[in-house]
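coords-v2.tsv follows (TSV, N, CA and C atoms):
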```
chain	number	residue	atom	x	y	z
Z	1052	MET	N	11.76	5.98	5.50
Z	1052	MET	CA	11.06	5.69	4.28
Z	1052	MET	C	11.77	6.42	3.14
Z	1053	ALA	N	11.83	5.77	2.01
Z	1053	ALA	CA	12.43	6.38	0.82
Z	1053	ALA	C	11.59	6.00	-0.39
Z	1054	ILE	N	11.36	6.97	-1.23
Z	1054	ILE	CA	10.68	6.76	-2.52
Z	1054	ILE	C	11.55	7.46	-3.55
Z	1055	TRP	N	12.15	6.68	-4.42
Z	1055	TRP	CA	13.04	7.23	-5.45
Z	1055	TRP	C	12.49	6.86	-6.82
Z	1056	THR	N	12.49	7.82	-7.73
Z	1056	THR	CA	12.32	7.49	-9.14
Z	1056	THR	C	13.70	7.70	-9.76
Z	1057	ILE	N	14.16	6.71	-10.46
Z	1057	ILE	CA	15.54	6.71	-10.97
Z	1057	ILE	C	15.51	6.54	-12.48
Z	1058	LYS	N	16.20	7.44	-13.17
Z	1058	LYS	CA	16.35	7.35	-14.61
Z	1058	LYS	C	17.77	6.85	-14.88
Z	1059	ILE	N	17.86	5.80	-15.68
Z	1059	ILE	CA	19.16	5.19	-15.98
Z	1059	ILE	C	19.43	5.35	-17.47
Z	1060	ASP	N	20.55	5.94	-17.79
Z	1060	ASP	CA	20.93	6.16	-19.19
Z	1060	ASP	C	21.14	4.83	-19.91
Z	1061	PRO	N	21.02	4.84	-21.24
Z	1061	PRO	CA	21.26	3.62	-22.01
Z	1061	PRO	C	22.64	3.04	-21.71
Z	1062	ASN	N	22.70	1.73	-21.57
Z	1062	ASN	CA	23.93	0.97	-21.35
Z	1062	ASN	C	24.67	1.36	-20.07
Z	1063	ALA	N	23.97	1.99	-19.14
Z	1063	ALA	CA	24.59	2.41	-17.88
Z	1063	ALA	C	24.32	1.37	-16.79
Z	1064	THR	N	25.09	1.48	-15.72
Z	1064	THR	CA	24.93	0.62	-14.55
Z	1064	THR	C	24.59	1.50	-13.36
Z	1065	PHE	N	23.65	1.04	-12.54
Z	1065	PHE	CA	23.28	1.78	-11.33
Z	1065	PHE	C	23.49	0.85	-10.15
Z	1066	ILE	N	24.22	1.33	-9.16
Z	1066	ILE	CA	24.49	0.55	-7.96
Z	1066	ILE	C	23.65	1.12	-6.81
Z	1067	PHE	N	22.77	0.30	-6.26
Z	1067	PHE	CA	21.94	0.71	-5.14
Z	1067	PHE	C	22.74	0.53	-3.86
Z	1068	PRO	N	22.89	1.58	-3.07
Z	1068	PRO	CA	23.65	1.46	-1.83
Z	1068	PRO	C	22.91	0.59	-0.82
Z	1069	THR	N	23.64	0.07	0.12
Z	1069	THR	CA	23.02	-0.77	1.14
Z	1069	THR	C	22.26	0.10	2.15
Z	1070	ALA	N	21.31	-0.54	2.81
Z	1070	ALA	CA	20.56	0.08	3.90
Z	1070	ALA	C	20.62	-0.88	5.09
Z	1071	SER	N	19.98	-0.52	6.15
Z	1071	SER	CA	20.00	-1.36	7.35
Z	1071	SER	C	19.27	-2.68	7.14
Z	1072	LYS	N	19.72	-3.68	7.84
Z	1072	LYS	CA	19.05	-4.99	7.82
Z	1072	LYS	C	17.64	-4.81	8.39
Z	1073	GLY	N	16.68	-5.51	7.80
Z	1073	GLY	CA	15.30	-5.43	8.27
Z	1073	GLY	C	14.46	-4.39	7.56
Z	1074	ILE	N	15.07	-3.61	6.69
Z	1074	ILE	CA	14.33	-2.61	5.91
Z	1074	ILE	C	13.68	-3.32	4.72
Z	1075	ASN	N	12.42	-3.01	4.44
Z	1075	ASN	CA	11.76	-3.55	3.25
Z	1075	ASN	C	12.14	-2.69	2.05
Z	1076	ARG	N	12.47	-3.35	0.95
Z	1076	ARG	CA	12.90	-2.62	-0.25
Z	1076	ARG	C	12.40	-3.36	-1.48
Z	1077	SER	N	11.73	-2.62	-2.38
Z	1077	SER	CA	11.30	-3.21	-3.64
Z	1077	SER	C	11.61	-2.25	-4.78
Z	1078	LEU	N	11.78	-2.83	-5.95
Z	1078	LEU	CA	12.14	-2.07	-7.14
Z	1078	LEU	C	11.15	-2.41	-8.24
Z	1079	TYR	N	10.56	-1.39	-8.83
Z	1079	TYR	CA	9.59	-1.58	-9.91
Z	1079	TYR	C	10.13	-0.96	-11.19
Z	1080	PHE	N	10.30	-1.78	-12.23
Z	1080	PHE	CA	10.80	-1.34	-13.54
Z	1080	PHE	C	9.58	-0.96	-14.38
Z	1081	PHE	N	9.41	0.37	-14.64
Z	1081	PHE	CA	8.18	0.79	-15.29
Z	1081	PHE	C	8.35	1.42	-16.67
Z	1082	LYS	N	9.58	1.71	-17.10
Z	1082	LYS	CA	9.74	2.29	-18.43
Z	1082	LYS	C	11.11	1.91	-18.97
Z	1083	GLY	N	11.12	1.43	-20.21
Z	1083	GLY	CA	12.36	1.01	-20.84
Z	1083	GLY	C	12.14	-0.31	-21.54
Z	1084	THR	N	13.23	-0.90	-22.00
Z	1084	THR	CA	13.09	-2.18	-22.71
Z	1084	THR	C	13.71	-3.34	-21.95
Z	1085	GLU	N	14.86	-3.11	-21.31
Z	1085	GLU	CA	15.52	-4.23	-20.64
Z	1085	GLU	C	16.47	-3.75	-19.56
Z	1086	VAL	N	16.36	-4.36	-18.38
Z	1086	VAL	CA	17.36	-4.19	-17.32
Z	1086	VAL	C	17.71	-5.59	-16.82
Z	1087	THR	N	18.95	-5.73	-16.39
Z	1087	THR	CA	19.41	-7.03	-15.90
Z	1087	THR	C	20.16	-6.87	-14.59
Z	1088	SER	N	20.19	-7.97	-13.85
Z	1088	SER	CA	20.98	-8.03	-12.62
Z	1088	SER	C	21.36	-9.48	-12.38
Z	1089	GLU	N	22.62	-9.71	-12.10
Z	1089	GLU	CA	23.14	-11.05	-11.80
Z	1089	GLU	C	22.73	-12.06	-12.88
Z	1090	GLY	N	22.70	-11.60	-14.14
Z	1090	GLY	CA	22.39	-12.48	-15.25
Z	1090	GLY	C	20.92	-12.69	-15.52
Z	1091	TYR	N	20.05	-12.09	-14.71
Z	1091	TYR	CA	18.61	-12.23	-14.90
Z	1091	TYR	C	18.04	-10.97	-15.54
Z	1092	THR	N	17.13	-11.14	-16.48
Z	1092	THR	CA	16.45	-10.02	-17.10
Z	1092	THR	C	15.18	-9.73	-16.31
Z	1093	ILE	N	14.98	-8.48	-15.99
Z	1093	ILE	CA	13.77	-8.06	-15.28
Z	1093	ILE	C	12.83	-7.45	-16.32
Z	1094	PRO	N	11.67	-8.03	-16.54
Z	1094	PRO	CA	10.75	-7.50	-17.55
Z	1094	PRO	C	10.16	-6.15	-17.13
Z	1095	VAL	N	9.85	-5.31	-18.11
Z	1095	VAL	CA	9.20	-4.04	-17.82
Z	1095	VAL	C	7.84	-4.32	-17.17
Z	1096	HIS	N	7.44	-3.45	-16.29
Z	1096	HIS	CA	6.21	-3.54	-15.50
Z	1096	HIS	C	6.24	-4.70	-14.50
Z	1097	HIS	N	7.44	-4.98	-13.99
Z	1097	HIS	CA	7.58	-6.00	-12.96
Z	1097	HIS	C	8.31	-5.42	-11.75
Z	1098	GLU	N	8.03	-6.03	-10.61
Z	1098	GLU	CA	8.64	-5.63	-9.35
Z	1098	GLU	C	9.53	-6.75	-8.85
Z	1099	ILE	N	10.62	-6.37	-8.22
Z	1099	ILE	CA	11.46	-7.35	-7.55
Z	1099	ILE	C	11.69	-6.88	-6.11
Z	1100	ILE	N	11.82	-7.83	-5.22
Z	1100	ILE	CA	12.07	-7.53	-3.81
Z	1100	ILE	C	13.58	-7.65	-3.58
Z	1101	LEU	N	14.15	-6.63	-2.96
Z	1101	LEU	CA	15.60	-6.59	-2.75
Z	1101	LEU	C	15.93	-6.81	-1.28
Z	1102	ASN	N	17.11	-7.33	-1.02
Z	1102	ASN	CA	17.65	-7.36	0.33
Z	1102	ASN	C	18.34	-6.01	0.56
Z	1103	ALA	N	17.75	-5.21	1.42
Z	1103	ALA	CA	18.25	-3.85	1.61
Z	1103	ALA	C	19.68	-3.80	2.12
Z	1104	ASP	N	20.11	-4.82	2.86
Z	1104	ASP	CA	21.45	-4.80	3.44
Z	1104	ASP	C	22.51	-5.36	2.49
Z	1105	GLN	N	22.12	-5.61	1.23
Z	1105	GLN	CA	23.08	-6.09	0.23
Z	1105	GLN	C	23.11	-5.13	-0.95
Z	1106	GLU	N	24.30	-4.85	-1.44
Z	1106	GLU	CA	24.43	-4.00	-2.62
Z	1106	GLU	C	23.73	-4.66	-3.80
Z	1107	PHE	N	23.07	-3.85	-4.63
Z	1107	PHE	CA	22.35	-4.37	-5.79
Z	1107	PHE	C	22.80	-3.59	-7.02
Z	1108	ILE	N	23.20	-4.30	-8.05
Z	1108	ILE	CA	23.69	-3.67	-9.28
Z	1108	ILE	C	22.69	-3.95	-10.40
Z	1109	LEU	N	22.25	-2.88	-11.04
Z	1109	LEU	CA	21.29	-2.98	-12.14
Z	1109	LEU	C	21.95	-2.48	-13.42
Z	1110	LYS	N	21.92	-3.29	-14.45
Z	1110	LYS	CA	22.51	-2.92	-15.75
Z	1110	LYS	C	21.37	-2.65	-16.72
Z	1111	ASN	N	21.47	-1.52	-17.40
Z	1111	ASN	CA	20.44	-1.12	-18.35
Z	1111	ASN	C	20.78	-1.56	-19.76
Z	1112	GLY	N	19.73	-1.75	-20.56
Z	1112	GLY	CA	19.90	-2.08	-21.98
Z	1112	GLY	C	20.20	-0.84	-22.80
Z	1113	ASN	N	19.79	-0.86	-24.05
Z	1113	ASN	CA	20.20	0.22	-24.96
Z	1113	ASN	C	19.20	1.37	-25.07
Z	1114	THR	N	18.18	1.43	-24.20
Z	1114	THR	CA	17.29	2.59	-24.15
Z	1114	THR	C	17.20	3.07	-22.71
Z	1115	GLU	N	16.84	4.33	-22.54
Z	1115	GLU	CA	16.69	4.89	-21.20
Z	1115	GLU	C	15.69	4.06	-20.40
Z	1116	ALA	N	15.99	3.82	-19.13
Z	1116	ALA	CA	15.11	3.05	-18.25
Z	1116	ALA	C	14.71	3.90	-17.05
Z	1117	HIS	N	13.50	3.62	-16.53
Z	1117	HIS	CA	13.00	4.30	-15.34
Z	1117	HIS	C	12.57	3.23	-14.34
Z	1118	VAL	N	13.00	3.37	-13.10
Z	1118	VAL	CA	12.62	2.45	-12.04
Z	1118	VAL	C	12.13	3.23	-10.83
Z	1119	LEU	N	11.30	2.58	-10.03
Z	1119	LEU	CA	10.79	3.16	-8.80
Z	1119	LEU	C	11.30	2.30	-7.65
Z	1120	LEU	N	11.98	2.93	-6.70
Z	1120	LEU	CA	12.47	2.24	-5.51
Z	1120	LEU	C	11.59	2.65	-4.34
Z	1121	LEU	N	11.04	1.67	-3.66
Z	1121	LEU	CA	10.25	1.90	-2.45
Z	1121	LEU	C	10.96	1.22	-1.29
Z	1122	GLN	N	11.16	1.96	-0.23
Z	1122	GLN	CA	11.93	1.42	0.90
Z	1122	GLN	C	11.36	1.96	2.19
Z	1123	GLY	N	11.25	1.11	3.19
Z	1123	GLY	CA	10.78	1.60	4.48
Z	1123	GLY	C	10.97	0.58	5.59
Z	1124	LYS	N	10.99	1.09	6.78
Z	1124	LYS	CA	11.11	0.26	7.97
Z	1124	LYS	C	9.71	-0.26	8.32
Z	1125	PRO	N	9.55	-1.54	8.57
Z	1125	PRO	CA	8.23	-2.07	8.92
Z	1125	PRO	C	7.66	-1.38	10.16
Z	1126	MET	N	6.36	-1.12	10.14
Z	1126	MET	CA	5.70	-0.44	11.26
Z	1126	MET	C	5.50	-1.37	12.45
Z	1127	ASN	N	5.36	-2.67	12.17
Z	1127	ASN	CA	5.09	-3.65	13.22
Z	1127	ASN	C	3.86	-3.28	14.04
Z	1128	GLU	N	2.82	-2.79	13.37
Z	1128	GLU	CA	1.55	-2.48	13.99
Z	1128	GLU	C	0.44	-3.07	13.15
Z	1129	PRO	N	-0.68	-3.43	13.76
Z	1129	PRO	CA	-1.79	-3.93	12.97
Z	1129	PRO	C	-2.37	-2.83	12.09
Z	1130	VAL	N	-2.85	-3.23	10.93
Z	1130	VAL	CA	-3.46	-2.28	10.00
Z	1130	VAL	C	-4.82	-2.83	9.61
Z	1131	VAL	N	-5.85	-2.00	9.82
Z	1131	VAL	CA	-7.22	-2.37	9.45
Z	1131	VAL	C	-7.73	-1.27	8.54
Z	1132	LYS	N	-8.38	-1.68	7.43
Z	1132	LYS	CA	-8.90	-0.68	6.51
Z	1132	LYS	C	-10.35	-0.97	6.18
Z	1133	HIS	N	-11.08	0.10	5.89
Z	1133	HIS	CA	-12.46	0.01	5.45
Z	1133	HIS	C	-12.74	1.26	4.64
Z	1134	GLY	N	-12.92	1.10	3.32
Z	1134	GLY	CA	-13.10	2.27	2.46
Z	1134	GLY	C	-11.88	3.16	2.56
Z	1135	PRO	N	-12.09	4.46	2.77
Z	1135	PRO	CA	-10.94	5.37	2.84
Z	1135	PRO	C	-10.27	5.42	4.21
Z	1136	PHE	N	-10.80	4.68	5.17
Z	1136	PHE	CA	-10.30	4.74	6.54
Z	1136	PHE	C	-9.26	3.65	6.78
Z	1137	VAL	N	-8.15	4.04	7.40
Z	1137	VAL	CA	-7.09	3.10	7.77
Z	1137	VAL	C	-6.73	3.37	9.23
Z	1138	MET	N	-6.88	2.36	10.05
Z	1138	MET	CA	-6.62	2.49	11.49
Z	1138	MET	C	-5.89	1.24	11.97
Z	1139	ASN	N	-5.78	1.10	13.30
Z	1139	ASN	CA	-5.12	-0.06	13.89
Z	1139	ASN	C	-6.09	-1.13	14.37
Z	1140	SER	N	-7.39	-0.83	14.45
Z	1140	SER	CA	-8.35	-1.82	14.93
Z	1140	SER	C	-9.73	-1.55	14.33
Z	1141	GLN	N	-10.60	-2.57	14.40
Z	1141	GLN	CA	-11.98	-2.41	13.93
Z	1141	GLN	C	-12.71	-1.36	14.77
Z	1142	ILE	N	-12.42	-1.30	16.05
Z	1142	ILE	CA	-13.07	-0.30	16.92
Z	1142	ILE	C	-12.72	1.11	16.43
Z	1143	GLU	N	-11.45	1.36	16.11
Z	1143	GLU	CA	-11.04	2.67	15.60
Z	1143	GLU	C	-11.71	2.97	14.26
Z	1144	ILE	N	-11.88	1.96	13.41
Z	1144	ILE	CA	-12.57	2.14	12.13
Z	1144	ILE	C	-14.01	2.59	12.39
Z	1145	ARG	N	-14.71	1.88	13.28
Z	1145	ARG	CA	-16.11	2.24	13.59
Z	1145	ARG	C	-16.19	3.65	14.16
Z	1146	GLU	N	-15.24	4.02	15.02
Z	1146	GLU	CA	-15.23	5.38	15.59
Z	1146	GLU	C	-15.01	6.43	14.51
Z	1147	ALA	N	-14.11	6.15	13.58
Z	1147	ALA	CA	-13.85	7.10	12.50
Z	1147	ALA	C	-15.07	7.27	11.60
Z	1148	ILE	N	-15.73	6.16	11.28
Z	1148	ILE	CA	-16.95	6.24	10.45
Z	1148	ILE	C	-18.03	7.03	11.18
Z	1149	GLN	N	-18.19	6.76	12.46
Z	1149	GLN	CA	-19.20	7.48	13.24
Z	1149	GLN	C	-18.88	8.98	13.30
Z	1150	GLU	N	-17.61	9.32	13.52
Z	1150	GLU	CA	-17.22	10.73	13.55
Z	1150	GLU	C	-17.48	11.40	12.21
Z	1151	TYR	N	-17.16	10.70	11.13
Z	1151	TYR	CA	-17.41	11.26	9.81
Z	1151	TYR	C	-18.91	11.48	9.59
Z	1152	GLN	N	-19.73	10.51	9.98
Z	1152	GLN	CA	-21.18	10.65	9.80
Z	1152	GLN	C	-21.73	11.81	10.61
Z	1153	GLN	N	-21.17	12.06	11.78
Z	1153	GLN	CA	-21.66	13.13	12.65
Z	1153	GLN	C	-21.13	14.51	12.26
Z	1154	THR	N	-19.86	14.59	11.87
Z	1154	THR	CA	-19.23	15.90	11.69
Z	1154	THR	C	-18.63	16.14	10.31
Z	1155	GLU	N	-18.57	15.10	9.49
Z	1155	GLU	CA	-17.86	15.19	8.20
Z	1155	GLU	C	-16.44	15.74	8.41
Z	1156	PHE	N	-15.84	15.36	9.53
Z	1156	PHE	CA	-14.50	15.80	9.92
Z	1156	PHE	C	-14.38	17.32	9.89
Z	1157	GLY	N	-15.34	17.99	10.48
Z	1157	GLY	CA	-15.29	19.44	10.57
Z	1157	GLY	C	-16.25	20.13	9.63
Z	1158	GLY	N	-16.89	19.38	8.77
Z	1158	GLY	CA	-17.89	19.97	7.90
Z	1158	GLY	C	-17.36	20.33	6.53
Z	1159	TRP	N	-18.27	20.37	5.61
Z	1159	TRP	CA	-17.96	20.75	4.22
Z	1159	TRP	C	-18.18	22.25	4.11
Z	1160	PRO	N	-17.16	23.05	3.79
Z	1160	PRO	CA	-17.29	24.50	3.85
Z	1160	PRO	C	-17.98	25.16	2.65
Z	1161	TRP	N	-18.42	24.37	1.68
Z	1161	TRP	CA	-19.01	24.98	0.48
Z	1161	TRP	C	-20.52	24.80	0.47
Z	1162	ASP	N	-21.21	25.60	-0.34
Z	1162	ASP	CA	-22.66	25.58	-0.42
Z	1162	ASP	C	-23.20	24.31	-1.06
Z	1163	SER	N	-22.40	23.66	-1.87
Z	1163	SER	CA	-22.85	22.52	-2.64
Z	1163	SER	C	-21.90	21.34	-2.40
Z	1164	TYR	N	-22.40	20.12	-2.59
Z	1164	TYR	CA	-21.56	18.93	-2.47
Z	1164	TYR	C	-20.93	18.54	-3.80
Z	1165	ASP	N	-21.13	19.37	-4.82
Z	1165	ASP	CA	-20.49	19.11	-6.12
Z	1165	ASP	C	-18.98	19.09	-5.93
Z	1166	HIS	N	-18.31	18.27	-6.75
Z	1166	HIS	CA	-16.85	18.17	-6.66
Z	1166	HIS	C	-16.14	19.12	-7.62
Z	1167	VAL	N	-16.90	19.98	-8.29
Z	1167	VAL	CA	-16.31	20.93	-9.22
Z	1167	VAL	C	-16.93	22.30	-8.99
Z	1168	HIS	N	-16.23	23.32	-9.42
Z	1168	HIS	CA	-16.77	24.68	-9.37
Z	1168	HIS	C	-17.58	24.93	-10.63
Z	1169	SER	N	-18.48	25.86	-10.56
Z	1169	SER	CA	-19.28	26.17	-11.74
Z	1169	SER	C	-18.39	26.77	-12.82
Z	1170	PRO	N	-18.78	26.62	-14.10
Z	1170	PRO	CA	-17.98	27.17	-15.19
Z	1170	PRO	C	-17.80	28.68	-15.09
Z	1171	SER	N	-18.72	29.37	-14.44
Z	1171	SER	CA	-18.60	30.83	-14.32
Z	1171	SER	C	-17.48	31.24	-13.36
Z	1172	LYS	N	-17.03	30.31	-12.53
Z	1172	LYS	CA	-15.96	30.62	-11.57
Z	1172	LYS	C	-14.64	30.89	-12.28
Z	1173	GLY	N	-14.40	30.20	-13.40
Z	1173	GLY	CA	-13.13	30.40	-14.12
Z	1173	GLY	C	-11.97	29.79	-13.36
Z	1174	ARG	N	-10.77	30.04	-13.86
Z	1174	ARG	CA	-9.56	29.51	-13.22
Z	1174	ARG	C	-9.16	30.44	-12.09
Z	1175	PHE	N	-8.71	29.85	-10.98
Z	1175	PHE	CA	-8.30	30.66	-9.84
Z	1175	PHE	C	-7.36	29.86	-8.94
Z	1176	ALA	N	-6.68	30.60	-8.08
Z	1176	ALA	CA	-5.85	29.98	-7.04
Z	1176	ALA	C	-6.26	30.63	-5.72
Z	1177	LEU	N	-6.51	29.80	-4.72
Z	1177	LEU	CA	-6.88	30.29	-3.40
Z	1177	LEU	C	-5.78	29.89	-2.43
Z	1178	TYR	N	-5.13	30.88	-1.82
Z	1178	TYR	CA	-4.02	30.64	-0.92
Z	1178	TYR	C	-4.48	30.52	0.53
Z	1179	PRO	N	-3.69	29.88	1.41
Z	1179	PRO	CA	-4.10	29.69	2.80
Z	1179	PRO	C	-4.42	30.99	3.54
Z	1180	ASP	N	-3.82	32.09	3.12
Z	1180	ASP	CA	-4.11	33.36	3.81
Z	1180	ASP	C	-5.39	34.01	3.31
Z	1181	GLY	N	-6.11	33.34	2.37
Z	1181	GLY	CA	-7.38	33.87	1.85
Z	1181	GLY	C	-7.24	34.64	0.55
Z	1182	THR	N	-6.03	34.90	0.12
Z	1182	THR	CA	-5.81	35.62	-1.15
Z	1182	THR	C	-6.27	34.75	-2.30
Z	1183	GLU	N	-7.06	35.34	-3.20
Z	1183	GLU	CA	-7.53	34.61	-4.38
Z	1183	GLU	C	-7.04	35.32	-5.63
Z	1184	ILE	N	-6.45	34.57	-6.52
Z	1184	ILE	CA	-5.96	35.11	-7.79
Z	1184	ILE	C	-6.77	34.49	-8.90
Z	1185	LYS	N	-7.41	35.33	-9.72
Z	1185	LYS	CA	-8.24	34.83	-10.81
Z	1185	LYS	C	-7.50	35.00	-12.12
Z	1186	LYS	N	-7.70	34.06	-13.02
Z	1186	LYS	CA	-7.09	34.11	-14.35
Z	1186	LYS	C	-8.16	34.36	-15.37
```
Would you mind giving the structure from this file in structure tokens?
Amino acid sequence: MAIWTIKIDPNATFIFPTASKGINRSLYFFKGTEVTSEGYTIPVHHEIILNADQEFILKNGNTEAHVLLLQGKPMNEPVVKHGPFVMNSQIEIREAIQEYQQTEFGGWPWDSYDHVHSPSKGRFALYPDGTEIKK
């Protein structure tokens, strides 16, 4: 799996190296004005699907551009989701929900179910060894 954020200077060219055949690869252009490849303009806020086993050349326009490259080998496994749970089958989903209802995955260690600390707590950092630093 690869996740790259790439900044391309104005009027620069970026060559994406090849990867193995069968790898999924997509490119999302999220900041800038214009990028082109093989004579086609890719609009900002658009995604294109690439052939990972072929070199891809991206030419930037006259302002800095930012792209996101997502790449990974397919899992070739079933995926089932329900709310925050992602498993391989409906049975596993039901088991996960049941476990959460019974144990909250080990329990909530705080006195309150609030998602924030009280204002009197102030800013702090709590480290895994139990050390707490207050600001």
Separation of CA of Leu1101 (chain Z) from CA of Gly1083 (chain Z) in Å:
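These two atoms are separated by 19.9 Å.
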Suppose you want the space between atom C of Gln1105 (chain Z) and CA of Glu1085 (chain Z); what is it in Å?
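Answer for the atom C of Gln1105 (chain Z) to CA of Glu1085 (chain Z) separation: 21.1 Å.
Of all the residues in chain Z, the ones DSSP labels as helix (DSSP H, G or I) from the backbone are Z:Gln1141, Z:Ile1142, Z:Glu1143, Z:Ile1144, Z:Arg1145, Z:Glu1146, Z:Ala1147, Z:Ile1148, Z:Gln1149, Z:Glu1150, Z:Tyr1151, Z:Gln1152, Z:Gln1153, Z:Thr1154, Z:Pro1170, Z:Ser1171, Z:Lys1172.
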Can you pull out the residues contacting Thr1114 (chain Z)? Cut-off 10 Å, using only C-alpha atoms, and skip same-chain residues under 4 positions away; I want them as a short mmCIF file (atom, residue, chain, number, x, y, z; two decimals) with N, CA and C atoms, keeping the file's coordinate frame.
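Generated file (selection-v3.cif):
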```
data_model
loop_
_atom_site.label_atom_id
_atom_site.label_comp_id
_atom_site.auth_asym_id
_atom_site.auth_seq_id
_atom_site.Cartn_x
_atom_site.Cartn_y
_atom_site.Cartn_z
N ILE Z 1059 17.86 5.80 -15.68
CA ILE Z 1059 19.16 5.19 -15.98
C ILE Z 1059 19.43 5.35 -17.47
N ASP Z 1060 20.55 5.94 -17.79
CA ASP Z 1060 20.93 6.16 -19.19
C ASP Z 1060 21.14 4.83 -19.91
N PRO Z 1061 21.02 4.84 -21.24
CA PRO Z 1061 21.26 3.62 -22.01
C PRO Z 1061 22.64 3.04 -21.71
N ASN Z 1062 22.70 1.73 -21.57
CA ASN Z 1062 23.93 0.97 -21.35
C ASN Z 1062 24.67 1.36 -20.07
N ALA Z 1063 23.97 1.99 -19.14
CA ALA Z 1063 24.59 2.41 -17.88
C ALA Z 1063 24.32 1.37 -16.79
N LYS Z 1082 9.58 1.71 -17.10
CA LYS Z 1082 9.74 2.29 -18.43
C LYS Z 1082 11.11 1.91 -18.97
N GLY Z 1083 11.12 1.43 -20.21
CA GLY Z 1083 12.36 1.01 -20.84
C GLY Z 1083 12.14 -0.31 -21.54
N THR Z 1084 13.23 -0.90 -22.00
CA THR Z 1084 13.09 -2.18 -22.71
C THR Z 1084 13.71 -3.34 -21.95
N GLU Z 1085 14.86 -3.11 -21.31
CA GLU Z 1085 15.52 -4.23 -20.64
C GLU Z 1085 16.47 -3.75 -19.56
N VAL Z 1086 16.36 -4.36 -18.38
CA VAL Z 1086 17.36 -4.19 -17.32
C VAL Z 1086 17.71 -5.59 -16.82
#
```
Considering only C-alpha atoms, return as a VMD selection string whatever protein or nucleic-acid residues lie within 7 Å of Ile1100 (chain Z), sequence-local ones (same chain, fewer than 4 positions apart) excluded.
chain Z and resid 1076 to 1078
Generate a file for region 1092-1097 of chain Z, containing all heavy atoms, as a PDB file, in the first residue's frame.
```pdb
ATOM      1  N   THR Z1092      -6.572  17.510 -20.038  1.00  0.00           N
ATOM      2  CA  THR Z1092      -6.536  18.323 -18.828  1.00  0.00           C
ATOM      3  C   THR Z1092      -7.336  17.614 -17.746  1.00  0.00           C
ATOM      4  O   THR Z1092      -8.473  17.183 -17.978  1.00  0.00           O
ATOM      5  CB  THR Z1092      -7.135  19.715 -19.091  1.00  0.00           C
ATOM      6  OG1 THR Z1092      -6.346  20.351 -20.097  1.00  0.00           O
ATOM      7  CG2 THR Z1092      -7.136  20.562 -17.836  1.00  0.00           C
ATOM      8  N   ILE Z1093      -6.746  17.513 -16.578  1.00  0.00           N
ATOM      9  CA  ILE Z1093      -7.426  16.905 -15.436  1.00  0.00           C
ATOM     10  C   ILE Z1093      -7.926  18.048 -14.557  1.00  0.00           C
ATOM     11  O   ILE Z1093      -7.116  18.828 -14.044  1.00  0.00           O
ATOM     12  CB  ILE Z1093      -6.470  15.990 -14.651  1.00  0.00           C
ATOM     13  CG1 ILE Z1093      -5.919  14.904 -15.580  1.00  0.00           C
ATOM     14  CG2 ILE Z1093      -7.177  15.391 -13.438  1.00  0.00           C
ATOM     15  CD1 ILE Z1093      -4.682  14.225 -15.076  1.00  0.00           C
ATOM     16  N   PRO Z1094      -9.224  18.184 -14.376  1.00  0.00           N
ATOM     17  CA  PRO Z1094      -9.750  19.289 -13.564  1.00  0.00           C
ATOM     18  C   PRO Z1094      -9.414  19.107 -12.081  1.00  0.00           C
ATOM     19  O   PRO Z1094      -9.291  17.975 -11.592  1.00  0.00           O
ATOM     20  CB  PRO Z1094     -11.261  19.221 -13.775  1.00  0.00           C
ATOM     21  CG  PRO Z1094     -11.474  18.315 -14.939  1.00  0.00           C
ATOM     22  CD  PRO Z1094     -10.286  17.407 -14.985  1.00  0.00           C
ATOM     23  N   VAL Z1095      -9.269  20.224 -11.371  1.00  0.00           N
ATOM     24  CA  VAL Z1095      -9.038  20.161  -9.932  1.00  0.00           C
ATOM     25  C   VAL Z1095     -10.244  19.489  -9.274  1.00  0.00           C
ATOM     26  O   VAL Z1095     -11.364  19.575  -9.766  1.00  0.00           O
ATOM     27  CB  VAL Z1095      -8.748  21.574  -9.358  1.00  0.00           C
ATOM     28  CG1 VAL Z1095      -9.976  22.455  -9.381  1.00  0.00           C
ATOM     29  CG2 VAL Z1095      -8.170  21.478  -7.949  1.00  0.00           C
ATOM     30  N   HIS Z1096      -9.991  18.777  -8.208  1.00  0.00           N
ATOM     31  CA  HIS Z1096     -10.981  18.009  -7.454  1.00  0.00           C
ATOM     32  C   HIS Z1096     -11.531  16.826  -8.251  1.00  0.00           C
ATOM     33  O   HIS Z1096     -12.680  16.431  -8.090  1.00  0.00           O
ATOM     34  CB  HIS Z1096     -12.126  18.889  -6.930  1.00  0.00           C
ATOM     35  CG  HIS Z1096     -11.646  19.964  -6.008  1.00  0.00           C
ATOM     36  ND1 HIS Z1096     -11.975  21.272  -6.191  1.00  0.00           N
ATOM     37  CD2 HIS Z1096     -10.836  19.916  -4.935  1.00  0.00           C
ATOM     38  CE1 HIS Z1096     -11.390  22.003  -5.255  1.00  0.00           C
ATOM     39  NE2 HIS Z1096     -10.696  21.194  -4.491  1.00  0.00           N
ATOM     40  N   HIS Z1097     -10.683  16.255  -9.097  1.00  0.00           N
ATOM     41  CA  HIS Z1097     -11.064  15.063  -9.848  1.00  0.00           C
ATOM     42  C   HIS Z1097     -10.031  13.956  -9.623  1.00  0.00           C
ATOM     43  O   HIS Z1097      -8.861  14.221  -9.367  1.00  0.00           O
ATOM     44  CB  HIS Z1097     -11.187  15.361 -11.344  1.00  0.00           C
ATOM     45  CG  HIS Z1097     -12.476  16.015 -11.698  1.00  0.00           C
ATOM     46  ND1 HIS Z1097     -12.745  17.324 -11.422  1.00  0.00           N
ATOM     47  CD2 HIS Z1097     -13.583  15.519 -12.285  1.00  0.00           C
ATOM     48  CE1 HIS Z1097     -13.956  17.621 -11.834  1.00  0.00           C
ATOM     49  NE2 HIS Z1097     -14.490  16.542 -12.358  1.00  0.00           N
TER      50      HIS Z1097
END
```
